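Heads up, query_5.txt below (compact mmCIF, C-alpha atoms):
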# COMPACT_ATOMS: atom_id res chain seq x y z
CA MET A 958 -56.46 13.17 67.22
CA HIS A 959 -57.16 14.23 70.80
CA ASN A 960 -60.18 16.45 71.56
CA GLY A 961 -60.23 17.40 67.89
CA VAL A 962 -56.55 18.43 67.89
CA MET A 963 -54.13 16.58 65.60
CA MET A 964 -51.34 15.15 67.77
CA ALA A 965 -47.83 15.34 66.43
CA LYS A 966 -46.36 12.04 65.34
CA THR A 967 -43.72 10.63 67.66
CA ILE A 968 -40.33 9.34 66.64
CA LEU A 969 -37.98 7.28 68.80
CA ALA A 970 -34.37 8.24 68.03
CA VAL A 971 -31.84 5.67 69.25
CA ASP A 972 -28.13 6.49 69.18
CA ASP A 973 -25.29 6.30 71.70
CA SER A 974 -23.90 9.62 70.43
CA GLY A 975 -25.39 12.55 72.32
CA SER A 976 -24.47 15.03 69.60
CA LEU A 977 -26.09 12.89 66.92
CA ARG A 978 -29.29 12.54 68.96
CA GLN A 979 -29.25 16.32 69.44
CA MET A 980 -29.11 16.93 65.68
CA VAL A 981 -31.79 14.34 64.91
CA ALA A 982 -34.09 15.82 67.55
CA PHE A 983 -33.41 19.36 66.32
CA SER A 984 -34.18 18.44 62.69
CA LEU A 985 -37.32 16.45 63.36
CA LYS A 986 -38.77 18.79 66.00
CA ALA A 987 -38.31 21.68 63.54
CA ALA A 988 -40.48 19.66 61.14
CA GLY A 989 -43.19 19.30 63.78
CA TYR A 990 -42.52 15.83 65.14
CA GLN A 991 -42.15 14.82 68.76
CA VAL A 992 -38.89 13.05 69.49
CA ILE A 993 -38.06 10.59 72.25
CA GLU A 994 -34.34 9.90 72.65
CA ALA A 995 -32.70 6.64 73.71
CA VAL A 996 -29.00 6.18 74.43
CA ASP A 997 -28.62 2.59 73.19
CA GLY A 998 -30.60 -0.38 71.97
CA GLN A 999 -31.70 -1.54 75.41
CA ASP A 1000 -32.86 1.97 76.38
CA GLY A 1001 -34.66 2.15 73.04
CA LEU A 1002 -36.44 -1.15 73.65
CA ASP A 1003 -37.49 -0.08 77.15
CA LYS A 1004 -38.86 3.24 75.89
CA ALA A 1005 -40.59 1.60 72.93
CA ARG A 1006 -42.40 -0.74 75.33
CA ASN A 1007 -43.49 2.22 77.49
CA GLN A 1008 -45.01 4.12 74.60
CA VAL A 1009 -45.78 2.94 71.10
CA VAL A 1010 -44.23 5.43 68.69
CA ASP A 1011 -44.95 6.16 65.03
CA LEU A 1012 -41.38 5.58 63.78
CA VAL A 1013 -38.12 4.24 65.13
CA LEU A 1014 -34.83 5.68 63.89
CA THR A 1015 -31.86 3.69 65.14
CA ASP A 1016 -28.09 3.57 64.90
CA GLN A 1017 -26.38 0.19 64.46
CA ASN A 1018 -23.18 0.21 66.55
CA MET A 1019 -24.21 0.83 70.14
CA PRO A 1020 -23.27 -0.65 73.53
CA ARG A 1021 -25.61 -3.01 75.44
CA MET A 1022 -27.76 -3.72 72.37
CA ASP A 1023 -26.96 -2.94 68.73
CA GLY A 1024 -29.41 -1.71 66.13
CA LEU A 1025 -30.09 -5.04 64.43
CA THR A 1026 -30.86 -6.70 67.76
CA LEU A 1027 -33.15 -3.81 68.67
CA ILE A 1028 -35.02 -4.18 65.39
CA ARG A 1029 -35.50 -7.93 65.86
CA SER A 1030 -36.67 -7.35 69.45
CA LEU A 1031 -39.15 -4.69 68.33
CA ARG A 1032 -40.52 -6.87 65.52
CA ALA A 1033 -41.15 -9.59 68.09
CA LEU A 1034 -43.57 -7.22 69.90
CA PRO A 1035 -47.18 -7.30 68.56
CA SER A 1036 -47.42 -3.50 68.83
CA TYR A 1037 -44.35 -3.05 66.60
CA GLN A 1038 -45.20 -5.39 63.74
CA LYS A 1039 -46.16 -2.50 61.46
CA VAL A 1040 -44.27 0.47 62.93
CA PRO A 1041 -41.69 1.71 60.40
CA ILE A 1042 -38.08 1.33 61.50
CA LEU A 1043 -35.23 3.12 59.76
CA MET A 1044 -31.52 2.58 60.35
CA LEU A 1045 -29.35 5.72 60.62
CA THR A 1046 -25.77 4.51 60.63
CA THR A 1047 -22.24 5.02 59.32
CA GLU A 1048 -22.45 1.54 57.76
CA SER A 1049 -23.08 1.59 54.02
CA GLY A 1050 -22.17 -1.92 52.86
CA ASP A 1051 -24.67 -4.11 51.01
CA GLU A 1052 -24.15 -6.97 53.44
CA MET A 1053 -25.19 -4.87 56.43
CA LYS A 1054 -28.16 -3.43 54.53
CA ALA A 1055 -29.30 -6.95 53.69
CA LYS A 1056 -29.04 -7.89 57.39
CA GLY A 1057 -31.04 -4.81 58.29
CA ARG A 1058 -33.74 -5.62 55.80
CA ALA A 1059 -33.87 -9.24 57.00
CA ALA A 1060 -34.17 -8.06 60.62
CA GLY A 1061 -37.17 -5.92 59.72
CA ALA A 1062 -35.84 -2.47 58.87
CA ASN A 1063 -37.86 -0.47 56.35
CA GLY A 1064 -35.03 1.79 55.23
CA TRP A 1065 -31.35 2.63 55.50
CA LEU A 1066 -29.91 6.11 55.97
CA VAL A 1067 -26.14 6.63 55.90
CA LYS A 1068 -24.59 9.22 58.21
CA PRO A 1069 -24.08 12.10 58.12
CA PHE A 1070 -27.68 13.02 57.33
CA ASP A 1071 -28.98 16.19 55.75
CA PRO A 1072 -31.89 17.49 57.89
CA GLN A 1073 -34.04 18.35 54.87
CA LYS A 1074 -33.56 14.88 53.36
CA LEU A 1075 -34.19 13.23 56.72
CA THR A 1076 -37.42 15.16 57.14
CA GLU A 1077 -38.51 14.29 53.61
CA VAL A 1078 -37.99 10.57 54.09
CA VAL A 1079 -39.73 10.59 57.49
CA LYS A 1080 -42.65 12.48 55.96
CA LYS A 1081 -42.78 9.93 53.14
CA VAL A 1082 -42.88 7.05 55.64
CA ILE A 1083 -45.26 8.37 58.31
CA GLY A 1084 -46.68 11.59 56.94
CA MET B 274 37.55 -25.33 65.93
CA PRO B 275 35.71 -22.02 66.07
CA LYS B 276 33.48 -21.53 69.10
CA LYS B 277 29.78 -22.02 68.24
CA ARG B 278 28.01 -18.69 68.43
CA ILE B 279 25.13 -18.70 70.92
CA LEU B 280 22.36 -16.45 69.66
CA GLY B 281 19.84 -17.21 72.40
CA PRO B 282 20.54 -14.17 74.61
CA GLN B 283 20.56 -11.74 71.67
CA VAL B 284 17.33 -13.06 70.20
CA LYS B 285 15.77 -12.97 73.65
CA ARG B 286 16.91 -9.34 74.14
CA LEU B 287 15.58 -8.38 70.72
CA LEU B 288 12.16 -9.91 71.27
CA THR B 289 11.69 -8.51 74.77
CA GLY B 290 13.04 -5.16 73.60
CA VAL B 291 10.54 -4.94 70.73
CA SER B 292 7.79 -5.99 73.13
CA ASP B 293 8.68 -3.51 75.86
CA HIS B 294 9.39 -0.50 73.64
CA GLY B 295 6.39 -1.21 71.47
CA ASN B 296 4.10 -1.43 74.51
CA GLU B 297 5.50 1.79 75.91
CA HIS B 298 4.89 3.77 72.72
CA LEU B 299 1.47 2.29 72.09
CA LEU B 300 0.37 3.18 75.61
CA GLU B 301 1.35 6.77 74.82
CA VAL B 302 -0.65 6.56 71.58
CA GLU B 303 -3.68 5.35 73.52
CA THR B 304 -3.28 8.11 76.11
CA ASP B 305 -3.24 10.71 73.33
CA LEU B 306 -6.29 9.17 71.71
CA VAL B 307 -8.21 9.25 75.01
CA GLN B 308 -7.32 12.93 75.37
CA THR B 309 -8.38 13.57 71.77
CA THR B 310 -11.73 11.90 72.47
CA ILE B 311 -12.26 14.05 75.56
CA LEU B 312 -11.43 17.26 73.68
CA LEU B 313 -13.69 16.33 70.78
CA ALA B 314 -16.55 15.57 73.17
CA GLU B 315 -16.10 18.96 74.84
CA ALA B 316 -15.87 20.72 71.48
CA ILE B 317 -19.07 19.18 70.16
CA GLU B 318 -20.91 19.96 73.38
CA LYS B 319 -19.93 23.63 73.09
CA LEU B 320 -20.54 23.77 69.35
CA GLY B 321 -23.90 22.05 69.70
CA GLY B 322 -24.94 24.40 72.49
CA SER B 323 -23.86 27.48 70.53
CA PHE B 324 -25.60 26.23 67.41
CA LEU B 325 -28.92 25.70 69.22
CA ALA B 326 -28.65 29.10 70.93
CA LEU B 327 -27.88 30.77 67.60
CA HIS B 328 -30.80 29.04 65.96
CA ALA B 329 -33.15 30.13 68.76
CA ALA B 330 -31.97 33.73 68.36
CA ILE B 331 -32.38 33.62 64.59
CA SER B 332 -35.87 32.13 64.95
CA ALA B 333 -36.86 34.90 67.38
CA GLN B 334 -35.48 37.50 64.97
CA GLN B 335 -37.38 35.90 62.10
CA GLN B 336 -40.62 36.15 64.05
CA GLU B 337 -40.06 39.90 64.45
CA ILE B 338 -39.23 40.21 60.76
CA ASP B 339 -42.41 38.33 59.88
CA LEU B 340 -44.41 40.75 62.06
CA LEU B 341 -42.81 43.71 60.32
CA ILE B 342 -43.56 42.23 56.89
CA SER B 343 -47.18 41.48 57.80
CA SER B 344 -47.58 45.07 59.09
CA GLY B 345 -46.92 46.25 55.52
CA THR B 346 -44.14 48.68 56.51
CA ALA B 347 -41.45 46.95 54.46
CA SER B 348 -41.12 47.57 50.74
CA THR B 349 -41.56 44.74 48.20
CA ALA B 350 -37.84 44.87 47.47
CA THR B 351 -36.98 44.56 51.14
CA VAL B 352 -39.41 41.66 51.57
CA GLY B 353 -37.79 39.94 48.58
CA LYS B 354 -34.31 40.42 50.01
CA LEU B 355 -35.40 39.13 53.43
CA LYS B 356 -36.86 35.99 51.84
CA ILE B 357 -33.56 35.34 50.03
CA ILE B 358 -31.62 35.82 53.28
CA GLN B 359 -34.03 33.45 55.03
CA GLY B 360 -33.37 30.84 52.34
CA ASP B 361 -29.61 31.27 52.80
CA ILE B 362 -29.94 30.90 56.56
CA THR B 363 -31.92 27.66 56.13
CA ARG B 364 -29.25 26.27 53.81
CA HIS B 365 -26.45 27.18 56.24
CA ILE B 366 -28.35 25.63 59.14
CA ASN B 367 -28.81 22.38 57.23
CA SER B 368 -25.13 22.38 56.33
CA ALA B 369 -24.19 23.00 59.96
CA VAL B 370 -26.37 20.13 61.16
CA THR B 371 -24.65 17.78 58.70
CA SER B 372 -21.20 19.01 59.78
CA LEU B 373 -21.97 18.78 63.50
CA GLN B 374 -22.18 15.03 63.07
CA PHE B 375 -18.38 14.94 62.65
CA GLN B 376 -17.82 14.01 66.26
CA ASP B 377 -19.90 10.85 65.97
CA LEU B 378 -17.91 9.64 62.95
CA THR B 379 -14.50 10.63 64.30
CA SER B 380 -15.11 9.11 67.73
CA GLN B 381 -15.95 5.80 66.03
CA LEU B 382 -12.69 5.97 64.09
CA ILE B 383 -10.74 6.83 67.24
CA SER B 384 -12.38 3.96 69.12
CA ARG B 385 -11.36 1.56 66.36
CA THR B 386 -7.81 2.91 66.43
CA MET B 387 -7.63 2.39 70.20
CA GLN B 388 -8.87 -1.18 69.85
CA ARG B 389 -6.23 -1.82 67.22
CA SER B 390 -3.54 -0.33 69.43
CA ALA B 391 -4.64 -2.53 72.35
CA GLY B 392 -4.64 -5.54 70.04
CA LEU B 393 -1.18 -4.66 68.81
CA ARG B 394 0.08 -4.47 72.40
CA GLU B 395 -1.20 -8.00 72.94
CA VAL B 396 0.64 -9.12 69.83
CA LEU B 397 3.83 -7.49 71.06
CA SER B 398 3.37 -9.12 74.47
CA THR B 399 3.45 -12.47 72.70
CA LEU B 400 6.94 -11.61 71.47
CA GLY B 401 8.00 -10.82 75.01
CA VAL B 402 6.46 -13.89 76.63
CA ILE B 403 7.83 -16.37 74.12
CA GLY B 404 11.12 -14.52 73.95
CA ASP B 405 11.43 -14.98 77.71
CA GLY B 406 11.26 -18.70 77.11
CA ILE B 407 14.42 -18.78 75.01
CA PRO B 408 17.11 -20.56 77.06
CA HIS B 409 20.29 -18.58 77.64
CA ASP B 410 22.38 -21.22 75.94
CA GLY B 411 19.74 -22.05 73.35
CA GLY B 412 21.03 -23.23 70.04
CA SER B 413 19.70 -22.26 66.64
CA ASP B 414 17.38 -25.28 66.46
CA GLU B 415 15.63 -24.35 69.71
CA ILE B 416 15.42 -20.72 68.64
CA ALA B 417 13.98 -21.73 65.26
CA VAL B 418 11.22 -23.72 66.99
CA LEU B 419 10.30 -20.78 69.25
CA LEU B 420 10.40 -18.30 66.36
CA LYS B 421 8.06 -20.56 64.40
CA GLU B 422 5.72 -20.64 67.40
CA ILE B 423 5.83 -16.83 67.54
CA THR B 424 4.99 -16.61 63.83
CA ILE B 425 1.98 -18.90 64.20
CA ARG B 426 0.65 -17.07 67.25
CA LEU B 427 1.16 -13.66 65.63
CA GLU B 428 -0.75 -14.74 62.53
CA THR B 429 -3.62 -16.05 64.67
CA GLN B 430 -3.76 -12.90 66.80
CA SER B 431 -3.60 -10.68 63.74
CA GLN B 432 -6.51 -12.51 62.11
CA GLU B 433 -8.54 -12.28 65.34
CA LEU B 434 -7.85 -8.55 65.54
CA LYS B 435 -8.92 -8.04 61.92
CA GLY B 436 -12.16 -9.88 62.67
CA LEU B 437 -12.90 -7.57 65.61
CA LEU B 438 -12.12 -4.36 63.73
CA ARG B 439 -14.62 -4.33 60.90
CA LYS B 440 -14.52 -0.92 59.20
CA ALA B 441 -17.82 0.74 60.05
CA VAL B 442 -16.86 4.28 58.96
CA THR B 443 -15.82 4.64 55.32
CA GLN B 444 -16.84 8.28 54.82
CA LYS B 445 -14.02 10.52 53.65
CA HIS B 446 -16.08 13.71 53.46
CA LEU B 447 -18.96 15.13 55.45
CA ASP B 448 -21.40 15.07 52.52
CA SER B 449 -24.75 13.64 53.51
CA GLY B 450 -25.09 9.91 53.02
CA ASP B 451 -27.43 7.83 50.83
CA ILE B 452 -31.00 7.04 51.75
CA GLU B 453 -32.69 3.82 50.69
CA LEU B 454 -36.24 2.73 51.49
CA PHE B 455 -36.79 -1.02 51.20
Exercise: express the given structure as structure tokens:
Amino acid sequence: MHNGVMMAKTILAVDDSGSLRQMVAFSLKAAGYQVIEAVDGQDGLDKARNQVVDLVLTDQNMPRMDGLTLIRSLRALPSYQKVPILMLTTESGDEMKAKGRAAGANGWLVKPFDPQKLTEVVKKVIG
Amino acid sequence: MPKKRILGPQVKRLLTGVSDHGNEHLLEVETDLVQTTILLAEAIEKLGGSFLALHAAISAQQQEIDLLISSGTASTATVGKLKIIQGDITRHINSAVTSLQFQDLTSQLISRTMQRSAGLREVLSTLGVIGDGIPHDGGSDEIAVLLKEITIRLETQSQELKGLLRKAVTQKHLDSGDIELF
């Protein structure tokens, strides 16, 4: 809350695909969330340090820093111990999901996403 | 006594020929894939822009419709029909958002294909390099040793390439993917 006004929750969307980021931002903004975009894992980490967000949604296969490395880096920050982190990736194998869970991810979404389902799961996780 | 046939030059020509022709064609494949990537990127930029513009226009129109409905001028039947149309529009928008993610998936597949093509060119170069080493008057024993060396190196390179090219995109349709909360 700020001056009695409920502030919209903020989501950090990390993906090296501009079109994917565009669709994620479109879907989540339509549901009332604020969205910060990052173009790869390193950009995501830098932006996450600048402003603590309510949820991180990250791709796995990205240049400079992949999703799993980003998750581990975020979990090493005191301010990101409890922030929910969801993977949004083309990867659907059990082995990768297990790695994601071990790194600290709270959920796994396989691309392509349906905007209604994405909004529902985000709402379930952060309200 | 029949003259011993020297196969060295022919084997050498074969190996360098496969290497050179293979490289030439694969470079063309990679050029086409680069062009495909560029066209796809341009297409998605235009499609994405048009989609957002269309959505903005529809949203503005919906606001006017909502004003008309709240003014009480529209009949119950008309209001009912407009609500159904609004539901249809929402469904189509969601479907479009799912479909507009095609470029992300296809560009990953193209990238993997280009890596494989580059890896294959390296493999073919091995044929050329080792083939160059075949002496002009090489006998079958010498050729056999070099061919064995080629086989071993090709197997190693092929395994390395497989290790680098893990299949990250298995989707065959653009239906939305699974969601799992841990």
Kindly assemble as a Markdown table a list of the chain A residues that lie within 9 Å of chain B, each paired with its nearest atom pair and their distance in Å to one decimal, using all atoms listed in the file, sorted first by chain and then by ascending residue number.
| residue | atom | partner | partner_atom | distance |
| --- | --- | --- | --- | --- |
| A:Ser974 | CA | B:Asp377 | CA | 6.1 |
| A:Gly975 | CA | B:Asp377 | CA | 8.6 |
| A:Ser976 | CA | B:Ile317 | CA | 6.8 |
| A:Leu977 | CA | B:Gln374 | CA | 5.9 |
| A:Gln979 | CA | B:Gly321 | CA | 7.8 |
| A:Met980 | CA | B:Val370 | CA | 6.2 |
| A:Val981 | CA | B:Val370 | CA | 8.8 |
| A:Phe983 | CA | B:Leu325 | CA | 8.3 |
| A:Ser984 | CA | B:Val370 | CA | 8.1 |
| A:Asn1018 | CA | B:Ala441 | CA | 8.4 |
| A:Leu1043 | CA | B:Leu454 | CA | 8.3 |
| A:Thr1046 | CA | B:Ala441 | CA | 8.8 |
| A:Thr1047 | CA | B:Val442 | CA | 5.4 |
| A:Glu1048 | CA | B:Ala441 | CA | 5.2 |
| A:Ser1049 | CA | B:Thr443 | CA | 8.0 |
| A:Gly1050 | CA | B:Ala441 | CA | 8.8 |
| A:Arg1058 | CA | B:Phe455 | CA | 7.2 |
| A:Ala1062 | CA | B:Phe455 | CA | 7.9 |
| A:Asn1063 | CA | B:Phe455 | CA | 5.3 |
| A:Gly1064 | CA | B:Leu454 | CA | 4.0 |
| A:Trp1065 | CA | B:Glu453 | CA | 5.1 |
| A:Leu1066 | CA | B:Ile452 | CA | 4.5 |
| A:Val1067 | CA | B:Gly450 | CA | 4.5 |
| A:Lys1068 | CA | B:Gly450 | CA | 5.3 |
| A:Pro1069 | CA | B:Ser449 | CA | 4.9 |
| A:Phe1070 | CA | B:Ser449 | CA | 4.9 |
| A:Asp1071 | CA | B:Ser449 | CA | 5.4 |
| A:Pro1072 | CA | B:Asn367 | CA | 5.8 |
| A:Gln1073 | CA | B:Asn367 | CA | 7.0 |
| A:Lys1074 | CA | B:Ile452 | CA | 8.4 |
| A:Leu1075 | CA | B:Ile452 | CA | 8.6 |
| A:Val1078 | CA | B:Ile452 | CA | 8.2 |
| A:Val1082 | CA | B:Leu454 | CA | 8.9 |
Please identify all polymer residues within 12 Å of stretch 996-1006 of chain A, counting all atoms listed in the file, omitting same-chain residues fewer than 4 positions from it, and present them as a CSV table (one decimal) with C-alpha atoms, keeping the file's coordinate frame.
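Writing the result to out_27.csv gives the following:
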chain,number,residue,atom,x,y,z
A,967,THR,CA,-43.7,10.6,67.7
A,968,ILE,CA,-40.3,9.3,66.6
A,969,LEU,CA,-38.0,7.3,68.8
A,970,ALA,CA,-34.4,8.2,68.0
A,971,VAL,CA,-31.8,5.7,69.2
A,972,ASP,CA,-28.1,6.5,69.2
A,973,ASP,CA,-25.3,6.3,71.7
A,974,SER,CA,-23.9,9.6,70.4
A,975,GLY,CA,-25.4,12.6,72.3
A,976,SER,CA,-24.5,15.0,69.6
A,977,LEU,CA,-26.1,12.9,66.9
A,978,ARG,CA,-29.3,12.5,69.0
A,979,GLN,CA,-29.2,16.3,69.4
A,992,VAL,CA,-38.9,13.0,69.5
A,1010,VAL,CA,-44.2,5.4,68.7
A,1011,ASP,CA,-45.0,6.2,65.0
A,1012,LEU,CA,-41.4,5.6,63.8
A,1013,VAL,CA,-38.1,4.2,65.1
A,1014,LEU,CA,-34.8,5.7,63.9
A,1015,THR,CA,-31.9,3.7,65.1
A,1016,ASP,CA,-28.1,3.6,64.9
A,1017,GLN,CA,-26.4,0.2,64.5
A,1018,ASN,CA,-23.2,0.2,66.6
A,1019,MET,CA,-24.2,0.8,70.1
A,1020,PRO,CA,-23.3,-0.6,73.5
A,1021,ARG,CA,-25.6,-3.0,75.4
A,1022,MET,CA,-27.8,-3.7,72.4
A,1023,ASP,CA,-27.0,-2.9,68.7
A,1024,GLY,CA,-29.4,-1.7,66.1
A,1025,LEU,CA,-30.1,-5.0,64.4
A,1026,THR,CA,-30.9,-6.7,67.8
A,1027,LEU,CA,-33.2,-3.8,68.7
A,1028,ILE,CA,-35.0,-4.2,65.4
A,1029,ARG,CA,-35.5,-7.9,65.9
A,1030,SER,CA,-36.7,-7.4,69.4
A,1031,LEU,CA,-39.2,-4.7,68.3
A,1032,ARG,CA,-40.5,-6.9,65.5
A,1033,ALA,CA,-41.2,-9.6,68.1
A,1034,LEU,CA,-43.6,-7.2,69.9
A,1035,PRO,CA,-47.2,-7.3,68.6
A,1036,SER,CA,-47.4,-3.5,68.8
A,1037,TYR,CA,-44.4,-3.0,66.6
A,1040,VAL,CA,-44.3,0.5,62.9
A,1042,ILE,CA,-38.1,1.3,61.5
Provide the atom CA of A:Lys1080 to atom CA of B:Glu337 distance in Å, to one decimal place.
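Distance between the two atoms: 28.8 Å.
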Compare B:Ile358, B:Ala316, B:Ala391, B:Val284 by their minimum atom-to-atom distance to B:Gln335, counting all atoms listed in the file, and give me the closest one.
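Of all the options, B:Ile358 lies closest to B:Gln335.
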Could you tell me how far atom CA of B:Glu297 lies from atom CA of B:Ser413, in Å and to one decimal?
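If I compute the distance from atom CA of B:Glu297 to atom CA of B:Ser413, I get 29.4 Å.
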